[in-house]
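Scroll down for the structure; my scribbles are underneath it.
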Amino acid sequence: MTKYDPAKIEFKWQEIWEKNKAFEAKDDTTKPKFYALIEFPYPSGDGLHVGHPRSNTAMDIISRKRRMEGYNVLFPIGWDAFGLPTENFAIKNKVHPAVVTERNVNRFREQLKRLGFSFDWSREVNTTDPAYYKWTQWIFLKLYEHGLAYKAEVPINFCVSCKVGLANEEVVGGKCERCDGEVVRRVKSQWMLKITEYAEKLLEGLEEVDYIEKVKTQQRNWIGKSKGAEVDFAIPCINEKLTVFTTRPDTLFGATYMVISPEHPILDRMKEHITNFDEVEAYRAEAIKKSDFERSELNKEKTGVSLKGVVAINPVNNTEIPVWISDYVLMSYGTGAIMAVPAHDERDYEFAKKFDLPIIEVVAGGDIENEAFTDIETGTMVNSDFLNGMSVAEAKEAITKWLAEKGLGKEKINYKLRDWVFSRQRYWGEPIPIIHCEKCGYVPVPYDQLPVTLPDIENYQQSDSGESPLVNIPEWVNTTCPKCNGPAKRETDTMPQWAGSSWYFIRYADPHNDDAMIDKKKAAYWLPVDWYNGGMEHTTLHLLYSRFWHRFLYDIGEIPCKEPYKKRTSHGMILGTDGQKMSKSRGNVINPDDVVDEFGADTFRLYEMFMGAFDQTTPWSEQGVRGCYRFIDRVWKLQELVTDEEEVSEDHRYLVHTTIKKVSEDYESMKYNTAIAQMMTFVNEVNEKGKLSRGDLRVFVKLLNPVAPHIAEEIWEKMNLGEGYLYEQSWPEYDAKYTVKDEIEIAVQINGKVRERLDVPSKYDKKQIEEFVLANEKVQDLIGDKQIRKIIVVPGRLVNIVVG
RNA sequence: GCUGGUGUGGCGAAAUAGGCAGACGCUAUGGACUUAAAAUCCAUUGGUGGCAACACCGUACCGGUUCGAGUCCGGUCACCAGUACCA
């Protein structure tokens, strides 16, 4: 027999699959469809990382299995190619980002092809392709049209030394990711998307999808819905109301002071009345300069300044209470002002202790001498006039009603979720298709003029003012207003990397359509995605953003379903052999190419699936790969043991059927490691017997195919196991009656300890098992003359004899 | 701090609904083959005691429920991930 030569057979089968268009999804709506999705990769200059194939292999297994089960499968691939690293590389090496992108994409494509994934390569999308981003821009215009895109002055992270606006994820430990320089907050006019308007829909949508619980929880936390009330406090000196949001209106009688955020606009209006305005101003300047990071980092010690000369009136008892400013109150949540109830809020308690402010208990049950009492289940209202004696829940309802009647407040729901900052002052992103006209204001680029393409430029460095490099290209910036034909300028901000990835899964269903984002019929057939696997690092933002866009497109009638992904699962990270996260600086990066060169793609895929539980973080092991290679090699050698028998052999009937069952079920629940363990057991047992039938091998090769498709196809062909290619075969089925043995070994316990093992006919019922066991000589010896008190029989498992 | 998760041999890990803990793989040791090595194959491999059959101990720790607990309940500790003054 020939030696197992992965390099040769893998290349051979990859060519055959490609030539036969074996894995192209057909727009054949008569067949049931299955849409499997992985997060499309960012084609970085470092090449493919071993983390990518973990997710890819897992979904490749599902896809290959589904095809054998008769589904029309869509398993696409593409490139999330806009973004910073490419742009930075381009700046440094003076190459056009498009050139860098193309190079990286080619490298990635080649690497992925070597691994034999059954992607439909005919549907490849690339977010940087104008034919693709035409529709990204189109969606933006739709959002704009529906009032969901607007411009606002918002603080951004700004790196002082790079003179660059940074995204949150580019700020690491309060410093610029690239240069380690100081990051400050700077207010800038930015395009925003009103995702907050979709908070409730995004929350509700989670009810109808099958996501792992962890992911749902993270989405809910991020949206952060909380129910409470808005309450108006009078500020007599300027005759204004200061509104606060609170989730604890029941504690209103315990509000002993107020705190407003340093950025709160009411400060300026109170200016003349504040006798220590210098101090206030100084505090304010300090706070505004700090980055978000510093503000939350330095949260150990509360700081603040009292507004001398200003008081507020607590609406429930008309008491005058002091007003402070402090940076622990955020302008971006609620109303930017709070009523402080130190007795029942930890932060207020800490602040009150530090500045010696009064603490009034209004919920009895705790010990407010030592700490704030925040329990809402057990306490009883005190010191609260008409609320006294009520539970917290009752008091909440009563006070909210009271406030509403008096016109002093109302019920209110708040979300942590904030609108999405959609501008980047960068070159390598989709231009935002808006024109600024002095006469007409913001004017959307007419749909028939899309896409607005990026101009070719020499210098990608941002301008000194932190504007996009596009501002320096007058021939691109200067245009005419589509409305009045007067001179106008193009928007120079580009979209963030999240844009293209927020809808790519839609495009896969109709990737070459130049007349629409997607054909309605194709959308109806292919959407939603049936199964989406990806990393935990994308479970909040990417998932939320894409759900938002998808839901919006549904609302305007472009897409037939509310939620984009029916099912979402997550894979664990792969660590270096040292148990550390893989990184260049640690020098522990495993390159998939090297593994494939040495052992072949099948071994690589098998190991990635065998190394541990799929959803858990696991370190790479060189020896583990070798073990998988040994298994693959033993599979190859099965060919020498094959008999002439066409059917499943009687010798291996039980083994074959239990293996079909175990492997089929484990693939579905992503327990790839135990599915593979079962196949190893199969090979071990066959080797022990020294032979297997063609029928046995036929089944085995089909089960192995999703994980190690090259060797499986090769054996199928070489052994001439059937008509056509393996990928065209149907998935094997097991017969339940062959998954039970005639006799089963059960454990015999005396007082819970295993003392004997006996083979018992599996058809016996409890009574028969009991009799069978008690009749056994060894068991009788073990019992001796002790009294039998109780016998527990678990068929197929054990018999426990309780004696005493 | 909060939320979620994890804790089982020398290592990666298994163990549907409470029912034989450690499947499968790696490592290690011994052996076969070889002039030798690699590769391959065979055997052993949770700990302690014993020549042995066997016995006792063992799933982070303490306690509970049960004929029976890795699994359920209460408490404690450690680690990982996400998030962070969200009123």
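Labeling convention for the structure tokens: chains A, B, ... as they appear, residues from 1 per chain, ligands from 1 in order of appearance.
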
Could you give me, as a tab-separated table, a per-residue list for chain A showing, wherever an atom lies at most 6 Å from an atom of chain B, the closest pair of atoms and their distance in Å to one decimal, using only C-alpha atoms (C1' of nucleotides) and sorting by chain then residue number from low to high?
```
residue	atom	partner	partner_atom	distance
A:Thr246	CA	B:A87	C1'	5.6
A:Tyr328	CA	B:C85	C1'	5.1
A:Lys416	CA	B:C86	C1'	5.7
A:Gly624	CA	B:C26	C1'	5.7
A:Ala677	CA	B:C24	C1'	4.4
A:Ala747	CA	B:C20	C1'	5.5
A:Gly752	CA	B:G68	C1'	5.6
```

Next item on the list: Just the residues within 9 Å of stretch 271-283 of chain A, please, counting only C-alpha atoms (C1' of nucleotides), with nothing from its chain fewer than 4 positions along; format it as a PyMOL selection string.
Entry: chain A and resi 237-238+262+266-267+287-288+304-310+325-326

Check: Looking only at the backbone, which of the residues in stretch 529-662 of chain A does DSSP tag as strand (DSSP E), as a VMD selection string?
Finding: chain A and resid 531 to 535 567 to 571 574 to 575 618 to 619

Next item on the list: Select, from A:Arg248, A:Arg424, A:Arg789, A:His344, the residue with the minimum atom-to-atom distance to A:Thr374, counting only C-alpha atoms.
Entry: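 Closest residue, counting only C-alpha atoms: A:His344.
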
Next item on the list: Identify, on the basis of only C-alpha atoms (C1' of nucleotides), every residue whose closest approach to B:U45 does not exceed 10 Å; exclude the query and any residue fewer than 6 positions from it along the same chain; express the result as a list in words.
Entry: G9, U27, A28 and U29 of chain B

Residues of the last selection are to be written out with N, CA, C and O atoms (P, O5', C5', C4', C3', O3' and C1' of nucleotides), as a PDB file, in the first residue's frame.
```pdb
ATOM      1  P     G B   9      -6.577  16.896  39.318  1.00  0.00           P
ATOM      2  O5'   G B   9      -6.218  15.817  38.211  1.00  0.00           O
ATOM      3  C5'   G B   9      -4.895  15.680  37.825  1.00  0.00           C
ATOM      4  C4'   G B   9      -4.343  14.371  38.343  1.00  0.00           C
ATOM      5  C3'   G B   9      -2.901  14.123  37.922  1.00  0.00           C
ATOM      6  O3'   G B   9      -2.254  13.410  38.959  1.00  0.00           O
ATOM      7  C1'   G B   9      -4.275  12.405  37.093  1.00  0.00           C
ATOM      8  P     U B  27       3.646  11.764  23.132  1.00  0.00           P
ATOM      9  O5'   U B  27       4.137  12.064  24.617  1.00  0.00           O
ATOM     10  C5'   U B  27       4.662  13.361  24.965  1.00  0.00           C
ATOM     11  C4'   U B  27       4.834  13.441  26.463  1.00  0.00           C
ATOM     12  C3'   U B  27       5.741  12.383  27.073  1.00  0.00           C
ATOM     13  O3'   U B  27       7.102  12.743  26.948  1.00  0.00           O
ATOM     14  C1'   U B  27       3.771  12.564  28.357  1.00  0.00           C
ATOM     15  P     A B  28       8.205  11.613  26.753  1.00  0.00           P
ATOM     16  O5'   A B  28       8.150  10.846  28.152  1.00  0.00           O
ATOM     17  C5'   A B  28       8.585  11.489  29.351  1.00  0.00           C
ATOM     18  C4'   A B  28       8.318  10.594  30.534  1.00  0.00           C
ATOM     19  C3'   A B  28       8.910   9.190  30.404  1.00  0.00           C
ATOM     20  O3'   A B  28      10.272   9.161  30.780  1.00  0.00           O
ATOM     21  C1'   A B  28       6.652   9.026  31.078  1.00  0.00           C
ATOM     22  P     U B  29      11.252   8.173  30.035  1.00  0.00           P
ATOM     23  O5'   U B  29      10.893   6.769  30.685  1.00  0.00           O
ATOM     24  C5'   U B  29      11.080   6.544  32.084  1.00  0.00           C
ATOM     25  C4'   U B  29      10.459   5.222  32.481  1.00  0.00           C
ATOM     26  C3'   U B  29      10.891   4.028  31.634  1.00  0.00           C
ATOM     27  O3'   U B  29      12.166   3.524  32.009  1.00  0.00           O
ATOM     28  C1'   U B  29       8.550   3.981  31.908  1.00  0.00           C
TER      29        U B  29
END
```

Test item: residues at most 12 Å from B:U8, only C-alpha atoms (C1' of nucleotides), excluding those fewer than 4 positions along its chain, as a compact mmCIF listing (two decimals) with all heavy atoms, in the first residue's frame:
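Result saved to selection.txt:
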```
# COMPACT_ATOMS: atom_id res chain seq x y z
P A B 13 -8.17 21.85 28.92
OP1 A B 13 -8.70 23.15 28.53
OP2 A B 13 -7.97 21.51 30.34
O5' A B 13 -9.07 20.75 28.22
C5' A B 13 -9.99 19.97 28.95
C4' A B 13 -10.16 18.69 28.20
O4' A B 13 -9.10 17.78 28.56
C3' A B 13 -11.45 17.97 28.51
O3' A B 13 -12.43 18.41 27.59
C2' A B 13 -11.08 16.51 28.31
O2' A B 13 -11.10 16.16 26.95
C1' A B 13 -9.62 16.49 28.79
N9 A B 13 -9.45 16.19 30.22
C8 A B 13 -8.98 17.02 31.20
N7 A B 13 -8.91 16.45 32.39
C5 A B 13 -9.36 15.17 32.16
C6 A B 13 -9.53 14.06 33.01
N6 A B 13 -9.23 14.09 34.30
N1 A B 13 -10.01 12.92 32.47
C2 A B 13 -10.29 12.91 31.15
N3 A B 13 -10.18 13.88 30.25
C4 A B 13 -9.70 14.99 30.83
P A B 14 -13.97 18.27 27.99
OP1 A B 14 -14.69 18.99 26.95
OP2 A B 14 -14.22 18.52 29.42
O5' A B 14 -14.14 16.74 27.69
C5' A B 14 -14.80 15.98 28.63
C4' A B 14 -14.99 14.61 28.10
O4' A B 14 -13.89 13.80 28.56
C3' A B 14 -16.24 14.00 28.71
O3' A B 14 -17.31 14.17 27.83
C2' A B 14 -15.85 12.55 28.96
O2' A B 14 -15.98 11.78 27.78
C1' A B 14 -14.37 12.70 29.29
N9 A B 14 -14.07 12.93 30.71
C8 A B 14 -13.49 14.03 31.28
N7 A B 14 -13.29 13.92 32.58
C5 A B 14 -13.77 12.65 32.87
C6 A B 14 -13.84 11.91 34.07
N6 A B 14 -13.40 12.37 35.23
N1 A B 14 -14.39 10.68 34.01
C2 A B 14 -14.83 10.23 32.84
N3 A B 14 -14.82 10.81 31.65
C4 A B 14 -14.26 12.03 31.73
P A B 15 -18.62 14.88 28.39
OP1 A B 15 -19.58 14.88 27.27
OP2 A B 15 -18.23 16.13 29.07
O5' A B 15 -19.13 13.87 29.51
C5' A B 15 -19.56 12.57 29.14
C4' A B 15 -19.72 11.71 30.36
O4' A B 15 -18.42 11.53 30.99
C3' A B 15 -20.58 12.30 31.47
O3' A B 15 -21.95 12.10 31.24
C2' A B 15 -20.08 11.51 32.68
O2' A B 15 -20.62 10.22 32.72
C1' A B 15 -18.59 11.43 32.38
N9 A B 15 -17.83 12.51 33.03
C8 A B 15 -17.47 13.73 32.50
N7 A B 15 -16.79 14.49 33.34
C5 A B 15 -16.71 13.72 34.49
C6 A B 15 -16.12 13.96 35.75
N6 A B 15 -15.48 15.09 36.05
N1 A B 15 -16.23 12.99 36.68
C2 A B 15 -16.87 11.87 36.37
N3 A B 15 -17.46 11.52 35.22
C4 A B 15 -17.34 12.51 34.31
P A B 21 -16.97 4.36 40.85
OP1 A B 21 -15.79 3.73 41.48
OP2 A B 21 -18.15 4.72 41.62
O5' A B 21 -16.50 5.65 40.05
C5' A B 21 -15.29 5.62 39.35
C4' A B 21 -15.38 6.61 38.23
O4' A B 21 -15.52 7.93 38.80
C3' A B 21 -14.13 6.67 37.38
O3' A B 21 -14.25 5.75 36.30
C2' A B 21 -14.12 8.11 36.90
O2' A B 21 -15.00 8.30 35.81
C1' A B 21 -14.69 8.84 38.12
N9 A B 21 -13.70 9.33 39.08
C8 A B 21 -13.48 8.88 40.35
N7 A B 21 -12.55 9.54 40.99
C5 A B 21 -12.14 10.50 40.08
C6 A B 21 -11.18 11.52 40.14
N6 A B 21 -10.46 11.77 41.23
N1 A B 21 -11.01 12.28 39.05
C2 A B 21 -11.75 12.03 37.97
N3 A B 21 -12.68 11.11 37.79
C4 A B 21 -12.83 10.37 38.89
P G B 22 -13.02 5.07 35.66
OP1 G B 22 -13.52 4.15 34.62
OP2 G B 22 -12.13 4.57 36.74
O5' G B 22 -12.29 6.29 34.98
C5' G B 22 -12.88 6.99 33.88
C4' G B 22 -11.99 8.13 33.52
O4' G B 22 -11.81 8.99 34.67
C3' G B 22 -10.58 7.69 33.15
O3' G B 22 -10.57 7.49 31.74
C2' G B 22 -9.70 8.86 33.56
O2' G B 22 -9.49 9.77 32.51
C1' G B 22 -10.54 9.55 34.65
N9 G B 22 -9.95 9.44 35.99
C8 G B 22 -10.01 8.38 36.83
N7 G B 22 -9.40 8.61 37.97
C5 G B 22 -8.92 9.89 37.85
C6 G B 22 -8.17 10.69 38.75
O6 G B 22 -7.78 10.41 39.88
N1 G B 22 -7.89 11.94 38.22
C2 G B 22 -8.28 12.38 36.97
N2 G B 22 -7.92 13.60 36.65
N3 G B 22 -8.98 11.65 36.13
C4 G B 22 -9.25 10.44 36.63
P G B 46 -3.40 5.15 36.37
OP1 G B 46 -4.06 3.99 36.99
OP2 G B 46 -3.74 5.57 34.98
O5' G B 46 -3.60 6.42 37.32
C5' G B 46 -3.06 7.68 36.94
C4' G B 46 -3.13 8.62 38.12
O4' G B 46 -4.52 8.82 38.48
C3' G B 46 -2.50 8.07 39.41
O3' G B 46 -1.10 8.26 39.43
C2' G B 46 -3.22 8.90 40.47
O2' G B 46 -2.71 10.22 40.51
C1' G B 46 -4.64 8.93 39.89
N9 G B 46 -5.46 7.81 40.39
C8 G B 46 -5.94 6.76 39.67
N7 G B 46 -6.64 5.92 40.40
C5 G B 46 -6.61 6.47 41.68
C6 G B 46 -7.18 6.03 42.89
O6 G B 46 -7.85 5.02 43.09
N1 G B 46 -6.90 6.90 43.94
C2 G B 46 -6.16 8.04 43.83
N2 G B 46 -5.98 8.74 44.95
N3 G B 46 -5.61 8.47 42.71
C4 G B 46 -5.88 7.64 41.68
P G B 58 -11.72 10.37 50.41
OP1 G B 58 -12.14 11.58 51.14
OP2 G B 58 -12.66 9.27 50.17
O5' G B 58 -11.11 10.81 49.01
C5' G B 58 -10.26 11.95 48.92
C4' G B 58 -9.69 12.05 47.53
O4' G B 58 -9.12 10.77 47.15
C3' G B 58 -10.71 12.33 46.44
O3' G B 58 -10.98 13.72 46.38
C2' G B 58 -9.99 11.82 45.20
O2' G B 58 -9.03 12.76 44.73
C1' G B 58 -9.25 10.59 45.75
N9 G B 58 -9.98 9.35 45.48
C8 G B 58 -10.76 8.63 46.35
N7 G B 58 -11.29 7.56 45.80
C5 G B 58 -10.82 7.58 44.49
C6 G B 58 -11.05 6.68 43.42
O6 G B 58 -11.72 5.65 43.41
N1 G B 58 -10.39 7.10 42.27
C2 G B 58 -9.60 8.22 42.16
N2 G B 58 -9.04 8.44 40.97
N3 G B 58 -9.38 9.07 43.16
C4 G B 58 -10.01 8.68 44.28
P U B 59 -12.41 14.23 46.00
OP1 U B 59 -12.61 15.49 46.74
OP2 U B 59 -13.38 13.13 46.14
O5' U B 59 -12.24 14.57 44.47
C5' U B 59 -11.17 15.42 44.03
C4' U B 59 -11.56 16.08 42.74
O4' U B 59 -11.99 15.07 41.80
C3' U B 59 -12.73 17.06 42.87
O3' U B 59 -12.47 18.18 42.05
C2' U B 59 -13.90 16.30 42.31
O2' U B 59 -14.88 17.11 41.72
C1' U B 59 -13.22 15.44 41.23
N1 U B 59 -13.98 14.23 40.89
C2 U B 59 -14.51 14.14 39.61
O2 U B 59 -14.35 15.01 38.76
N3 U B 59 -15.22 13.01 39.36
C4 U B 59 -15.45 11.99 40.23
O4 U B 59 -16.12 11.03 39.85
C5 U B 59 -14.88 12.16 41.54
C6 U B 59 -14.18 13.26 41.82
P A B 60 -13.06 19.59 42.44
OP1 A B 60 -14.42 19.56 43.01
OP2 A B 60 -12.79 20.37 41.21
O5' A B 60 -12.07 20.09 43.57
C5' A B 60 -10.66 20.15 43.33
C4' A B 60 -10.05 21.14 44.28
O4' A B 60 -10.29 22.48 43.79
C3' A B 60 -10.64 21.13 45.68
O3' A B 60 -10.02 20.14 46.48
C2' A B 60 -10.35 22.55 46.16
O2' A B 60 -9.01 22.69 46.57
C1' A B 60 -10.57 23.34 44.87
N9 A B 60 -11.94 23.82 44.72
C8 A B 60 -12.85 23.49 43.75
N7 A B 60 -14.01 24.08 43.88
C5 A B 60 -13.86 24.87 45.02
C6 A B 60 -14.72 25.74 45.68
N6 A B 60 -15.97 25.98 45.28
N1 A B 60 -14.26 26.37 46.78
C2 A B 60 -13.02 26.13 47.19
N3 A B 60 -12.10 25.32 46.65
C4 A B 60 -12.59 24.72 45.55
P G B 70 -18.74 12.06 43.74
OP1 G B 70 -19.12 10.87 42.96
OP2 G B 70 -17.83 11.93 44.90
O5' G B 70 -18.13 13.15 42.77
C5' G B 70 -17.61 14.35 43.32
C4' G B 70 -17.54 15.42 42.26
O4' G B 70 -17.09 14.82 41.03
C3' G B 70 -18.91 16.02 41.90
O3' G B 70 -19.22 17.09 42.77
C2' G B 70 -18.67 16.51 40.49
O2' G B 70 -17.97 17.75 40.49
C1' G B 70 -17.74 15.43 39.94
N9 G B 70 -18.47 14.40 39.18
C8 G B 70 -18.77 13.13 39.58
N7 G B 70 -19.44 12.46 38.69
C5 G B 70 -19.60 13.35 37.63
C6 G B 70 -20.25 13.21 36.39
O6 G B 70 -20.84 12.22 35.94
N1 G B 70 -20.17 14.36 35.63
C2 G B 70 -19.54 15.53 36.02
N2 G B 70 -19.57 16.53 35.15
N3 G B 70 -18.93 15.68 37.18
C4 G B 70 -18.99 14.56 37.93
P U B 71 -20.70 17.31 43.28
OP1 U B 71 -20.73 18.64 43.92
OP2 U B 71 -21.15 16.11 44.01
O5' U B 71 -21.55 17.38 41.94
C5' U B 71 -21.44 18.49 41.04
C4' U B 71 -22.31 18.23 39.84
O4' U B 71 -21.97 16.94 39.29
C3' U B 71 -23.80 18.22 40.16
O3' U B 71 -24.52 18.96 39.21
C2' U B 71 -24.16 16.74 40.12
O2' U B 71 -25.47 16.51 39.65
C1' U B 71 -23.14 16.17 39.13
N1 U B 71 -22.83 14.77 39.43
C2 U B 71 -23.15 13.80 38.48
O2 U B 71 -23.65 14.07 37.41
N3 U B 71 -22.86 12.51 38.85
C4 U B 71 -22.31 12.10 40.04
O4 U B 71 -22.11 10.91 40.22
C5 U B 71 -22.02 13.15 40.96
C6 U B 71 -22.29 14.43 40.64
```

According to DSSP computed on the backbone, where in stretch 81-261 of chain A is there helix (DSSP H, G or I)? Give the residues as a PDB file with C-alpha atoms, in the first residue's frame.
```pdb
ATOM      1  CA  LEU A  84      -6.527  50.954  10.791  1.00  0.00           C
ATOM      2  CA  PRO A  85      -3.700  48.423  10.675  1.00  0.00           C
ATOM      3  CA  THR A  86      -3.763  48.451   6.892  1.00  0.00           C
ATOM      4  CA  GLU A  87      -3.856  52.239   6.813  1.00  0.00           C
ATOM      5  CA  ASN A  88      -1.003  52.495   9.276  1.00  0.00           C
ATOM      6  CA  PHE A  89       1.054  50.046   7.272  1.00  0.00           C
ATOM      7  CA  ALA A  90       0.324  52.076   4.157  1.00  0.00           C
ATOM      8  CA  ILE A  91       1.462  55.304   5.798  1.00  0.00           C
ATOM      9  CA  LYS A  92       4.639  53.741   7.075  1.00  0.00           C
ATOM     10  CA  ASN A  93       5.601  52.004   3.860  1.00  0.00           C
ATOM     11  CA  PRO A  97      -3.936  50.746   1.326  1.00  0.00           C
ATOM     12  CA  ALA A  98      -5.792  49.094  -1.529  1.00  0.00           C
ATOM     13  CA  VAL A  99      -2.550  47.465  -2.626  1.00  0.00           C
ATOM     14  CA  VAL A 100      -1.811  46.299   0.896  1.00  0.00           C
ATOM     15  CA  THR A 101      -5.338  44.977   1.203  1.00  0.00           C
ATOM     16  CA  GLU A 102      -5.123  43.044  -2.015  1.00  0.00           C
ATOM     17  CA  ARG A 103      -1.858  41.496  -0.999  1.00  0.00           C
ATOM     18  CA  ASN A 104      -3.195  40.475   2.394  1.00  0.00           C
ATOM     19  CA  VAL A 105      -6.421  39.119   0.967  1.00  0.00           C
ATOM     20  CA  ASN A 106      -4.492  36.991  -1.503  1.00  0.00           C
ATOM     21  CA  ARG A 107      -2.384  35.595   1.270  1.00  0.00           C
ATOM     22  CA  PHE A 108      -5.401  34.818   3.434  1.00  0.00           C
ATOM     23  CA  ARG A 109      -7.284  33.243   0.565  1.00  0.00           C
ATOM     24  CA  GLU A 110      -4.372  30.982  -0.234  1.00  0.00           C
ATOM     25  CA  GLN A 111      -3.994  29.973   3.401  1.00  0.00           C
ATOM     26  CA  LEU A 112      -7.690  29.241   3.801  1.00  0.00           C
ATOM     27  CA  LYS A 113      -7.785  27.218   0.603  1.00  0.00           C
ATOM     28  CA  ARG A 114      -4.980  25.041   1.846  1.00  0.00           C
ATOM     29  CA  TRP A 121     -15.745  31.128  -3.158  1.00  0.00           C
ATOM     30  CA  SER A 122     -17.984  32.484  -5.888  1.00  0.00           C
ATOM     31  CA  ARG A 123     -19.692  34.710  -3.323  1.00  0.00           C
ATOM     32  CA  PRO A 130     -16.775  50.027  -4.276  1.00  0.00           C
ATOM     33  CA  ALA A 131     -19.383  47.592  -5.590  1.00  0.00           C
ATOM     34  CA  TYR A 132     -19.837  46.478  -1.995  1.00  0.00           C
ATOM     35  CA  TYR A 133     -19.543  49.765  -0.151  1.00  0.00           C
ATOM     36  CA  LYS A 134     -21.940  51.359  -2.566  1.00  0.00           C
ATOM     37  CA  TRP A 135     -24.563  49.502  -0.537  1.00  0.00           C
ATOM     38  CA  THR A 136     -22.978  50.291   2.805  1.00  0.00           C
ATOM     39  CA  GLN A 137     -23.386  53.937   1.816  1.00  0.00           C
ATOM     40  CA  TRP A 138     -26.878  53.221   0.584  1.00  0.00           C
ATOM     41  CA  ILE A 139     -27.838  51.864   4.006  1.00  0.00           C
ATOM     42  CA  PHE A 140     -26.352  54.955   5.620  1.00  0.00           C
ATOM     43  CA  LEU A 141     -28.502  57.171   3.426  1.00  0.00           C
ATOM     44  CA  LYS A 142     -31.563  55.139   4.369  1.00  0.00           C
ATOM     45  CA  LEU A 143     -30.706  55.628   8.027  1.00  0.00           C
ATOM     46  CA  TYR A 144     -30.269  59.342   7.378  1.00  0.00           C
ATOM     47  CA  GLU A 145     -33.559  59.482   5.541  1.00  0.00           C
ATOM     48  CA  ASN A 168     -12.434  53.420  22.163  1.00  0.00           C
ATOM     49  CA  GLU A 169     -10.859  50.123  21.280  1.00  0.00           C
ATOM     50  CA  GLU A 170      -7.698  51.922  20.188  1.00  0.00           C
ATOM     51  CA  ILE A 195     -29.130  53.056  17.963  1.00  0.00           C
ATOM     52  CA  THR A 196     -30.766  54.143  21.221  1.00  0.00           C
ATOM     53  CA  GLU A 197     -34.048  54.373  19.386  1.00  0.00           C
ATOM     54  CA  TYR A 198     -33.738  50.627  18.823  1.00  0.00           C
ATOM     55  CA  ALA A 199     -32.842  49.746  22.412  1.00  0.00           C
ATOM     56  CA  GLU A 200     -36.197  48.197  23.165  1.00  0.00           C
ATOM     57  CA  LYS A 201     -36.389  46.306  19.863  1.00  0.00           C
ATOM     58  CA  LEU A 202     -32.886  44.955  20.309  1.00  0.00           C
ATOM     59  CA  LEU A 203     -33.821  43.794  23.756  1.00  0.00           C
ATOM     60  CA  GLU A 204     -37.056  42.167  22.643  1.00  0.00           C
ATOM     61  CA  GLY A 205     -35.386  40.493  19.694  1.00  0.00           C
ATOM     62  CA  LEU A 206     -33.276  38.436  22.057  1.00  0.00           C
ATOM     63  CA  GLU A 207     -36.405  36.579  23.103  1.00  0.00           C
ATOM     64  CA  GLU A 208     -36.804  34.949  19.722  1.00  0.00           C
ATOM     65  CA  GLU A 213     -27.046  32.483  27.395  1.00  0.00           C
ATOM     66  CA  LYS A 214     -23.765  34.251  28.033  1.00  0.00           C
ATOM     67  CA  VAL A 215     -24.145  36.218  24.825  1.00  0.00           C
ATOM     68  CA  LYS A 216     -27.719  37.222  25.553  1.00  0.00           C
ATOM     69  CA  THR A 217     -26.708  38.415  28.996  1.00  0.00           C
ATOM     70  CA  GLN A 218     -23.915  40.524  27.601  1.00  0.00           C
ATOM     71  CA  GLN A 219     -26.268  42.110  25.082  1.00  0.00           C
ATOM     72  CA  ARG A 220     -28.791  42.875  27.806  1.00  0.00           C
ATOM     73  CA  ASN A 221     -26.149  44.350  30.082  1.00  0.00           C
ATOM     74  CA  TRP A 222     -24.833  46.521  27.320  1.00  0.00           C
ATOM     75  CA  ILE A 223     -28.284  47.881  26.556  1.00  0.00           C
ATOM     76  CA  PRO A 236     -35.100  79.041  43.186  1.00  0.00           C
ATOM     77  CA  CYS A 237     -32.217  81.419  42.472  1.00  0.00           C
ATOM     78  CA  ILE A 238     -32.601  81.060  38.721  1.00  0.00           C
ATOM     79  CA  PRO A 249     -37.952  57.383  43.816  1.00  0.00           C
ATOM     80  CA  ASP A 250     -39.061  55.652  47.027  1.00  0.00           C
ATOM     81  CA  THR A 251     -36.062  57.189  48.802  1.00  0.00           C
ATOM     82  CA  LEU A 252     -36.910  60.760  47.857  1.00  0.00           C
ATOM     83  CA  PHE A 253     -37.379  61.787  51.503  1.00  0.00           C
ATOM     84  CA  GLY A 254     -33.799  60.729  52.078  1.00  0.00           C
TER      85      GLY A 254
END
```

Checklist line | Selection: 8 Å around stretch 525-527 of chain A, only C-alpha atoms (C1' of nucleotides), excl. self and same-chain fewer than 5 positions, as a PyMOL selection string | finding: chain A and resi 29+33-35+506+509+560-561+564

Margin query: Can you measure atom CA of A:Glu438 to atom CA of A:Lys151 for me? One decimal in Å is fine.
Written below: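 That distance, rounded to one decimal, is 15.7 Å.
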
Next item on the list: Please indicate the distance in Å from atom CA of A:Leu74 to atom CA of A:Gly612, rounded to one decimal place.
Entry: 27.5 Å

Next item on the list: Do a neighbour search on stretch 729-738 of chain A at 12 Å with only C-alpha atoms (C1' of nucleotides), toss out local chain neighbours closer than 5 positions, and write the hits as number ranges by chain.
Entry: A: 62, 64-71, 648-665, 695-706, 712-713, 716, 721-724, 762-763

Margin query: Taking 4 positions as the minimum chain separation for residues in the same chain, which residues sit within 12 Å of A:Asp510 when counting only C-alpha atoms (C1' of nucleotides)? Answer as a ChimeraX atom specification.
Written below: /A:25-27,74,76,122-125,132,504-506,514-527
